[in-house]
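Enquirer: Here it is: the structure, laid out below.
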Amino acid sequence: MSDLTIQGGIHHGTCNTHEKAPTRAKGGGFADVIKQAVERVDDMDQEADRSIQRLVTGEGGIHETMIALQKADISLRLLLQIRNKAMEAYREVMRMQF
């Protein structure tokens, strides 16, 4: 996720309640980041499938196929952990009393 950047500055001084609310960065929001991550995991899964097909037809080697399968597996596991953490955070926010 090296494509994530923090934009905006830190404002020092008194708080002015009449200031405009911060605007969304042009690069997209959280939903765009998640969408791109899901697309990358899907691409790795499709590459693993193509690698299996090449192995079956004799065009590819077992090492390349195993590496592609492991990449797909690890990226899917990471995505699932991110989903679990996001859901846990959402539930925690919903339990908060204001």
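Lettering and numbering for the structure tokens are positional, with chains as A, B, ... in the shown order, residues counted from 1 in each chain, and ligands counted from 1 in the shown order.
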Neighbouring residues of A:Met66 were defined as those with any atom within 12 Å, considering only C-alpha atoms; residues of the same chain fewer than 2 positions away were excluded. Please report them as a list in words.

Expert: Glu47, Ala48, Asp49, Arg50, Ser51, Ile52, Leu55, Gly60, Gly61, Ile62, His63, Glu64, Ala68, Leu69, Gln70, Lys71, Ala72 and Asp73 of chain A

Enquirer: Using the selection just defined, write its residues with C-alpha atoms as a compact mmCIF listing (two decimals), in the first residue's frame.

Expert:
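File part.txt, as written:
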# COMPACT_ATOMS: atom_id res chain seq x y z
CA GLU A 47 -2.58 -15.29 -12.58
CA ALA A 48 -2.40 -18.36 -10.32
CA ASP A 49 -5.14 -19.99 -12.41
CA ARG A 50 -3.26 -19.21 -15.64
CA SER A 51 -0.10 -20.62 -14.09
CA ILE A 52 -1.91 -23.86 -13.28
CA LEU A 55 1.66 -26.28 -15.78
CA GLY A 60 5.24 -23.78 -17.19
CA GLY A 61 7.22 -25.14 -14.30
CA ILE A 62 6.12 -26.33 -10.90
CA HIS A 63 8.18 -23.65 -9.12
CA GLU A 64 6.54 -20.74 -10.91
CA ALA A 68 1.94 -17.81 -8.02
CA LEU A 69 -0.34 -19.91 -5.81
CA GLN A 70 1.41 -18.77 -2.64
CA LYS A 71 1.22 -15.11 -3.70
CA ALA A 72 -2.50 -15.46 -4.32
CA ASP A 73 -3.03 -17.25 -1.01

Enquirer: Using only C-alpha atoms, which residues sit within 12 Å of A:Ala86 once same-chain residues fewer than 6 positions away are excluded, as a VMD selection string?

Expert: chain A and resid 30 to 31 34 79 to 80 92 to 93

Enquirer: In Å, with one decimal, what is the gap from atom CA of A:Lys85 to atom CA of A:Gln46?

Expert: 25.6 Å

Enquirer: Find the residue from A:Val56, A:Val33, A:Val38, A:Gly28 that sits nearest to A:Leu76; use only C-alpha atoms when measuring.

Expert: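 The closest residue to A:Leu76 is A:Val38.
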
Enquirer: As an exercise, work out the distance from atom CA of A:Lys35 to atom CA of A:Arg83 in Å and give it to one decimal place.

Expert: 12.0 Å

Enquirer: Please measure the separation of atom CA of A:Ser75 and atom CA of A:Met44, giving the value in Å to one decimal.

Expert: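 That distance, rounded to one decimal, is 7.9 Å.
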